[in-house]
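Colleague: structure-v7.pdb is reproduced below (PDB, C-alpha atoms).
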ATOM      1  CA  MET A 288      21.425  -3.241  58.895
ATOM      2  CA  ASN A 289      19.834  -6.665  59.217
ATOM      3  CA  GLU A 290      16.432  -7.604  60.639
ATOM      4  CA  ARG A 291      17.829  -8.462  64.055
ATOM      5  CA  ASP A 292      19.550  -5.102  64.527
ATOM      6  CA  SER A 293      16.544  -3.217  63.191
ATOM      7  CA  PHE A 294      14.155  -5.077  65.511
ATOM      8  CA  LEU A 295      16.364  -4.583  68.579
ATOM      9  CA  ARG A 296      16.951  -0.900  67.766
ATOM     10  CA  ARG A 297      13.200  -0.251  67.453
ATOM     11  CA  LEU A 298      12.531  -2.219  70.641
ATOM     12  CA  ARG A 299      15.215  -0.298  72.558
ATOM     13  CA  SER A 300      13.901   3.068  71.364
ATOM     14  CA  GLY A 301      10.378   2.056  72.384
ATOM     15  CA  LEU A 302      11.502   1.189  75.901
ATOM     16  CA  TRP A 303      12.492   4.777  76.763
ATOM     17  CA  GLY A 304      11.620   5.725  80.289
ATOM     18  CA  LEU A 305      12.504   2.357  81.803
ATOM     19  CA  PRO A 306      15.634   2.005  83.943
ATOM     20  CA  ARG A 307      18.770   1.196  81.943
ATOM     21  CA  PRO A 308      19.277  -2.262  83.603
ATOM     22  CA  ALA A 309      15.676  -3.229  82.772
ATOM     23  CA  ILE A 310      16.153  -2.205  79.132
ATOM     24  CA  ASP A 311      19.417  -4.161  78.947
ATOM     25  CA  ASP A 312      17.717  -7.274  80.413
ATOM     26  CA  ILE A 313      14.839  -7.044  77.927
ATOM     27  CA  ILE A 314      17.194  -6.560  74.974
ATOM     28  CA  ALA A 315      19.288  -9.518  76.170
ATOM     29  CA  ASP A 316      16.134 -11.661  76.311
ATOM     30  CA  TYR A 317      15.212 -10.763  72.742
ATOM     31  CA  GLU A 318      18.795 -11.289  71.547
ATOM     32  CA  GLY A 319      18.408 -14.760  73.061
ATOM     33  CA  HIS A 320      15.270 -15.294  70.964
ATOM     34  CA  PHE A 321      17.224 -14.421  67.819
ATOM     35  CA  ASP A 322      20.140 -16.676  68.839
ATOM     36  CA  ALA A 323      17.755 -19.580  69.541
ATOM     37  CA  GLY A 324      16.085 -18.981  66.170
ATOM     38  CA  ARG A 325      19.410 -19.057  64.355
ATOM     39  CA  ALA A 326      20.346 -22.268  66.188
ATOM     40  CA  ALA A 327      17.056 -23.785  65.002
ATOM     41  CA  GLY A 328      17.846 -22.775  61.409
ATOM     42  CA  ARG A 329      15.432 -19.852  61.178
ATOM     43  CA  SER A 330      16.344 -16.550  59.585
ATOM     44  CA  ASP A 331      16.363 -13.283  61.520
ATOM     45  CA  ALA A 332      13.420 -12.099  59.425
ATOM     46  CA  ASP A 333      11.366 -15.166  60.455
ATOM     47  CA  VAL A 334      12.181 -14.618  64.128
ATOM     48  CA  ALA A 335      11.351 -10.900  63.904
ATOM     49  CA  THR A 336       8.028 -11.697  62.234
ATOM     50  CA  ALA A 337       7.210 -14.293  64.887
ATOM     51  CA  LEU A 338       7.997 -11.843  67.707
ATOM     52  CA  GLY A 339       5.707  -9.190  66.278
ATOM     53  CA  ASP A 340       5.895  -5.430  65.982
ATOM     54  CA  PRO A 341       8.710  -4.140  68.220
ATOM     55  CA  SER A 342       6.913  -0.836  68.875
ATOM     56  CA  ARG A 343       3.813  -2.647  70.091
ATOM     57  CA  LEU A 344       5.975  -5.030  72.118
ATOM     58  CA  ALA A 345       7.749  -2.084  73.741
ATOM     59  CA  ARG A 346       4.404  -0.525  74.741
ATOM     60  CA  GLU A 347       3.308  -3.845  76.260
ATOM     61  CA  LEU A 348       6.616  -4.261  78.095
ATOM     62  CA  ARG A 349       6.498  -0.692  79.434
ATOM     63  CA  ALA A 350       2.933  -1.267  80.664
ATOM     64  CA  GLU A 351       3.977  -4.577  82.238
ATOM     65  CA  ALA A 352       6.948  -2.926  83.946
ATOM     66  CA  GLY A 353       4.635  -0.254  85.283
ATOM     67  CA  LEU A 354       2.280  -2.917  86.635
ATOM     68  CA  ARG A 355       5.154  -4.735  88.327
ATOM     69  CA  ARG A 356       6.442  -1.511  89.820
ATOM     70  CA  TRP A 357       2.956  -0.756  91.162
ATOM     71  CA  GLU A 358       2.770  -4.230  92.701
ATOM     72  CA  ASP A 359       6.168  -3.769  94.359
ATOM     73  CA  GLU A 360       5.724  -0.228  95.614
ATOM     74  CA  ARG A 361       2.350   1.482  95.897
ATOM     75  CA  SER A 362       3.237   5.098  95.255
ATOM     76  CA  LEU A 363       1.971   7.989  93.171
ATOM     77  CA  ALA A 364       4.902   7.666  90.758
ATOM     78  CA  SER A 365       4.276   3.962  90.151
ATOM     79  CA  ALA A 366       0.533   4.597  89.771
ATOM     80  CA  LEU A 367       1.273   7.243  87.139
ATOM     81  CA  GLY A 368       3.605   4.794  85.408
ATOM     82  CA  VAL A 369       0.815   2.221  85.191
ATOM     83  CA  ILE A 370      -1.671   4.798  83.934
ATOM     84  CA  VAL A 371       0.696   6.107  81.252
ATOM     85  CA  GLY A 372       1.590   2.562  80.146
ATOM     86  CA  VAL A 373      -2.023   1.442  79.885
ATOM     87  CA  ILE A 374      -3.042   4.662  78.110
ATOM     88  CA  GLY A 375      -0.227   4.072  75.620
ATOM     89  CA  LEU A 376      -1.617   0.602  74.933
ATOM     90  CA  ALA A 377      -5.233   1.732  74.879
ATOM     91  CA  ALA A 378      -4.617   4.731  72.612
ATOM     92  CA  LEU A 379      -4.544   2.489  69.557
ATOM     93  CA  ASP A 380      -7.736   0.788  70.687
ATOM     94  CA  LEU A 381      -9.649   3.947  71.507
ATOM     95  CA  PHE A 382      -8.682   6.231  68.667
ATOM     96  CA  VAL A 383      -8.074   3.886  65.754
ATOM     97  CA  ILE A 384      -9.737   0.532  66.232
ATOM     98  CA  MET A 385     -12.948   1.532  68.028
ATOM     99  CA  PRO A 386     -14.192   4.050  65.400
ATOM    100  CA  VAL A 387     -13.404   1.584  62.617
ATOM    101  CA  LEU A 388     -15.080  -1.234  64.536
ATOM    102  CA  ILE A 389     -18.184   0.882  65.231
ATOM    103  CA  GLY A 390     -18.432   1.753  61.531
ATOM    104  CA  ILE A 391     -18.049  -1.887  60.472
ATOM    105  CA  VAL A 392     -20.602  -3.144  63.005
ATOM    106  CA  THR A 393     -23.123  -0.442  62.056
ATOM    107  CA  THR A 394     -22.760  -1.198  58.348
ATOM    108  CA  LEU A 395     -22.955  -4.930  59.000
ATOM    109  CA  PHE A 396     -26.118  -4.495  61.057
ATOM    110  CA  ALA A 397     -27.710  -2.406  58.275
ATOM    111  CA  PHE A 398     -26.890  -5.060  55.655
ATOM    112  CA  LEU A 399     -28.165  -7.810  57.947
ATOM    113  CA  LEU A 400     -31.417  -5.922  58.445
ATOM    114  CA  VAL A 401     -31.828  -5.385  54.684
ATOM    115  CA  GLY A 402     -31.106  -9.076  54.050
ATOM    116  CA  LEU A 403     -33.667 -10.205  56.641
ATOM    117  CA  VAL A 404     -36.325  -7.836  55.308
ATOM    118  CA  ALA A 405     -35.691  -8.986  51.722
ATOM    119  CA  CYS A 406     -35.769 -12.632  52.810
ATOM    120  CA  LEU A 407     -39.022 -12.194  54.716
ATOM    121  CA  GLY A 408     -40.539 -10.057  51.957
ATOM    122  CA  GLY A 409     -39.701 -12.590  49.255
ATOM    123  CA  GLY A 410     -40.960 -15.462  51.411
ATOM    124  CA  PHE A 411     -44.182 -13.602  52.221
ATOM    125  CA  ALA A 412     -44.803 -12.637  48.560
ATOM    126  CA  LEU A 413     -44.138 -16.102  47.101
ATOM    127  CA  PRO A 414     -47.462 -17.756  48.042
ATOM    128  CA  PHE A 415     -49.423 -14.728  46.817
ATOM    129  CA  ALA A 416     -47.458 -14.727  43.544
ATOM    130  CA  LEU A 417     -48.486 -18.330  42.918
ATOM    131  CA  VAL A 418     -52.190 -17.693  43.663
ATOM    132  CA  THR A 419     -52.836 -14.285  42.145
ATOM    133  CA  ASN A 420     -51.094 -11.453  40.345
ATOM    134  CA  PHE A 421     -49.701  -8.585  42.368
ATOM    135  CA  PRO A 422     -51.617  -5.323  41.911
ATOM    136  CA  GLY A 423     -49.784  -3.188  39.392
ATOM    137  CA  PHE A 424     -47.417  -6.023  38.343
ATOM    138  CA  MET A 425     -47.331  -6.341  34.535
ATOM    139  CA  GLY A 426     -46.015  -9.921  34.378
ATOM    140  CA  ASP A 427     -47.758 -13.233  34.818
ATOM    141  CA  ARG A 428     -47.739 -15.525  37.862
ATOM    142  CA  LEU A 429     -44.535 -17.341  36.880
ATOM    143  CA  GLN A 430     -42.654 -14.066  36.622
ATOM    144  CA  ALA A 431     -44.057 -12.935  39.968
ATOM    145  CA  ALA A 432     -43.043 -16.254  41.562
ATOM    146  CA  LEU A 433     -39.527 -16.012  40.091
ATOM    147  CA  LEU A 434     -39.250 -12.424  41.277
ATOM    148  CA  SER A 435     -40.322 -13.468  44.780
ATOM    149  CA  LEU A 436     -37.815 -16.351  44.739
ATOM    150  CA  GLY A 437     -35.081 -13.960  43.567
ATOM    151  CA  VAL A 438     -35.800 -11.509  46.392
ATOM    152  CA  LEU A 439     -35.955 -14.400  48.879
ATOM    153  CA  GLY A 440     -32.656 -15.860  47.604
ATOM    154  CA  GLY A 441     -30.933 -12.469  47.543
ATOM    155  CA  GLY A 442     -32.048 -11.746  51.079
ATOM    156  CA  ALA A 443     -30.922 -15.183  52.275
ATOM    157  CA  SER A 444     -27.539 -14.726  50.566
ATOM    158  CA  LEU A 445     -27.024 -11.285  52.084
ATOM    159  CA  THR A 446     -28.002 -12.582  55.526
ATOM    160  CA  ALA A 447     -25.637 -15.565  55.195
ATOM    161  CA  PHE A 448     -22.807 -13.264  54.100
ATOM    162  CA  CYS A 449     -23.425 -11.025  57.128
ATOM    163  CA  VAL A 450     -23.369 -14.027  59.459
ATOM    164  CA  LEU A 451     -20.093 -15.298  57.952
ATOM    165  CA  PHE A 452     -18.555 -11.833  58.105
ATOM    166  CA  THR A 453     -19.625 -11.534  61.756
ATOM    167  CA  ILE A 454     -17.964 -14.865  62.576
ATOM    168  CA  GLY A 455     -14.745 -13.686  60.912
ATOM    169  CA  LEU A 456     -14.891 -10.355  62.755
ATOM    170  CA  VAL A 457     -15.402 -12.082  66.104
ATOM    171  CA  ASN A 458     -12.441 -14.408  65.400
ATOM    172  CA  LEU A 459     -10.292 -11.382  64.561
ATOM    173  CA  LEU A 460     -11.346  -9.621  67.771
ATOM    174  CA  VAL A 461     -10.581 -12.763  69.795
ATOM    175  CA  ARG A 462      -7.048 -12.837  68.359
ATOM    176  CA  TYR A 463      -6.635  -9.159  69.133
ATOM    177  CA  GLY A 464      -7.906  -9.728  72.679
ATOM    178  CA  ARG A 465      -5.427 -12.572  73.153
ATOM    179  CA  ALA A 466      -2.616 -10.199  72.261
ATOM    180  CA  HIS A 467      -3.762  -7.965  75.130
ATOM    181  CA  TYR A 468      -4.150 -10.987  77.385
ATOM    182  CA  ARG A 469      -0.425 -11.715  76.977
ATOM    183  CA  LEU A 470       0.257  -8.568  78.982
ATOM    184  CA  ILE A 471      -1.878  -9.770  81.888
ATOM    185  CA  THR A 472      -0.506 -13.313  81.909
ATOM    186  CA  ALA A 473       3.066 -12.075  81.645
ATOM    187  CA  GLY A 474       2.511  -9.957  84.748
ATOM    188  CA  SER A 475       0.874 -12.877  86.592
ATOM    189  CA  ASN A 476       3.656 -15.297  85.631
ATOM    190  CA  SER A 477       6.341 -12.898  86.825
ATOM    191  CA  ARG A 478       4.559 -12.615  90.186
ATOM    192  CA  LEU A 479       4.458 -16.394  90.478
ATOM    193  CA  ARG A 480       8.197 -16.634  89.774
ATOM    194  CA  ASP A 481       9.069 -14.021  92.418
TER     195      ASP A 481
END
Can I see the file as structure tokens?
Modeller:
Amino acid sequence: MNERDSFLRRLRSGLWGLPRPAIDDIIADYEGHFDAGRAAGRSDADVATALGDPSRLARELRAEAGLRRWEDERSLASALGVIVGVIGLAALDLFVIMPVLIGIVTTLFAFLLVGLVACLGGGFALPFALVTNFPGFMGDRLQAALLSLGVLGGGASLTAFCVLFTIGLVNLLVRYGRAHYRLITAGSNSRLRD
């Protein structure tokens, strides 16, 4: 079984619950993507990678179909369809990504706090190390100054790493948010076409 057949099979199985004509239209659209890719000289594997995870795509398409059905007919059944579709999409966010994200942000905040305290502590101790010996410190002033500079540099490095990691995390979350935004824009574009 090649990539195209595997992708379309997984997409079709993920679209359960939709009317048969809707599933056939969606599959025909994605077959068109593969045909256009082949015409452009791309392999089926490249096209499948560019289209993304078929299971995730099916959840998005089911949620979008539920939204369209709700817009067309305001009934309890269509409302339940929207709720089930959105819960299917949000389940990954709520039960997998959010706990991981909370853990990462908490750890990042702790490291940032340690880095700032070390940076401030080293910066505060440096002038005193140059003027007098620290009480209980067995080295001379040069060693105390180098120790203060080391703590200051380590704290600054840790703080800079936390800032860079935060920027990368925000960029990753923006990309993830854009993937969700596709669902909203796809629903808006279909309304404009109708």
Colleague: Could you check how far atom CA of Arg329 of chain A sits from atom CA of Arg291 of chain A, in Å to one decimal?
Modeller: 12.0 Å
Colleague: Within 12 Å of Thr394 of chain A, counting all atoms listed in the file, which residues qualify if same-chain residues fewer than 5 places away don't, as a tab-separated table (two decimals) with C-alpha atoms, in the frame of the given file?
Modeller:
chain	number	residue	atom	x	y	z
A	387	VAL	CA	-13.40	1.58	62.62
A	388	LEU	CA	-15.08	-1.23	64.54
A	389	ILE	CA	-18.18	0.88	65.23
A	399	LEU	CA	-28.16	-7.81	57.95
A	400	LEU	CA	-31.42	-5.92	58.44
A	401	VAL	CA	-31.83	-5.38	54.68
A	449	CYS	CA	-23.42	-11.02	57.13
A	452	PHE	CA	-18.56	-11.83	58.10
A	453	THR	CA	-19.62	-11.53	61.76
Colleague: Hey, can you check how far atom CA of Val418 of chain A sits from atom CA of Ser444 of chain A?
Modeller: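 Spanning atom CA of Val418 of chain A to atom CA of Ser444 of chain A is a straight-line distance of 25.8 Å.
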Colleague: Enumerate, as a list in words, the residues matched when the PyMOL selection byres ((chain A and resi 434) around 12) is run on the file above.
Modeller: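 On the file shown, the PyMOL selection byres ((chain A and resi 434) around 12) covers Ala405, Gly408, Gly409, Gly410, Ala412, Leu413, Pro414, Phe415, Ala416, Leu417, Asn420, Phe421, Phe424, Gly426, Asp427, Arg428, Leu429, Gln430, Ala431, Ala432, Leu433, Ser435, Leu436, Gly437, Val438, Leu439, Gly440 and Gly441 of chain A.
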Colleague: Interatomic distance between atom CA of Arg361 of chain A and atom CA of Asp380 of chain A?
Modeller: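 Distance reported for this atom pair: 27.2 Å.
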Colleague: Give me the residues near Gly324 of chain A as a PyMOL selection string, where near means some atom within 9 Å (using only C-alpha atoms) and where sequence neighbours in that chain fewer than 5 positions away do not count.
Modeller: chain A and resi 319+329-331+333-334
Colleague: Assuming the chain letters and numbering stay as they are in my file, what does the PyMOL selection byres ((chain A and resi 321) around 12) actually select? List them as a PyMOL selection string.
Modeller: chain A and resi 289-292+294-295+314-320+322-338
Colleague: Quick one: residues within 12 Å of segment 305-308 of chain A, only C-alpha atoms, excluding same-chain residues fewer than 6 positions away - as a list in words?
Modeller: Arg299, Ile314, Ala315, Ala345, Arg346, Leu348, Arg349, Ala350, Glu351, Ala352, Gly353, Arg356, Ser365, Gly368 and Gly372 of chain A
Colleague: Keeping only C-alpha atoms, write the selected residues to a file as a PDB file, in the coordinates of the input.
Modeller:
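Once everything was written out, this is part07.pdb:
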ATOM      1  CA  ARG A 299      15.215  -0.298  72.558  1.00  0.00           C
ATOM      2  CA  ILE A 314      17.194  -6.560  74.974  1.00  0.00           C
ATOM      3  CA  ALA A 315      19.288  -9.518  76.170  1.00  0.00           C
ATOM      4  CA  ALA A 345       7.749  -2.084  73.741  1.00  0.00           C
ATOM      5  CA  ARG A 346       4.404  -0.525  74.741  1.00  0.00           C
ATOM      6  CA  LEU A 348       6.616  -4.261  78.095  1.00  0.00           C
ATOM      7  CA  ARG A 349       6.498  -0.692  79.434  1.00  0.00           C
ATOM      8  CA  ALA A 350       2.933  -1.267  80.664  1.00  0.00           C
ATOM      9  CA  GLU A 351       3.977  -4.577  82.238  1.00  0.00           C
ATOM     10  CA  ALA A 352       6.948  -2.926  83.946  1.00  0.00           C
ATOM     11  CA  GLY A 353       4.635  -0.254  85.283  1.00  0.00           C
ATOM     12  CA  ARG A 356       6.442  -1.511  89.820  1.00  0.00           C
ATOM     13  CA  SER A 365       4.276   3.962  90.151  1.00  0.00           C
ATOM     14  CA  GLY A 368       3.605   4.794  85.408  1.00  0.00           C
ATOM     15  CA  GLY A 372       1.590   2.562  80.146  1.00  0.00           C
TER      16      GLY A 372
END
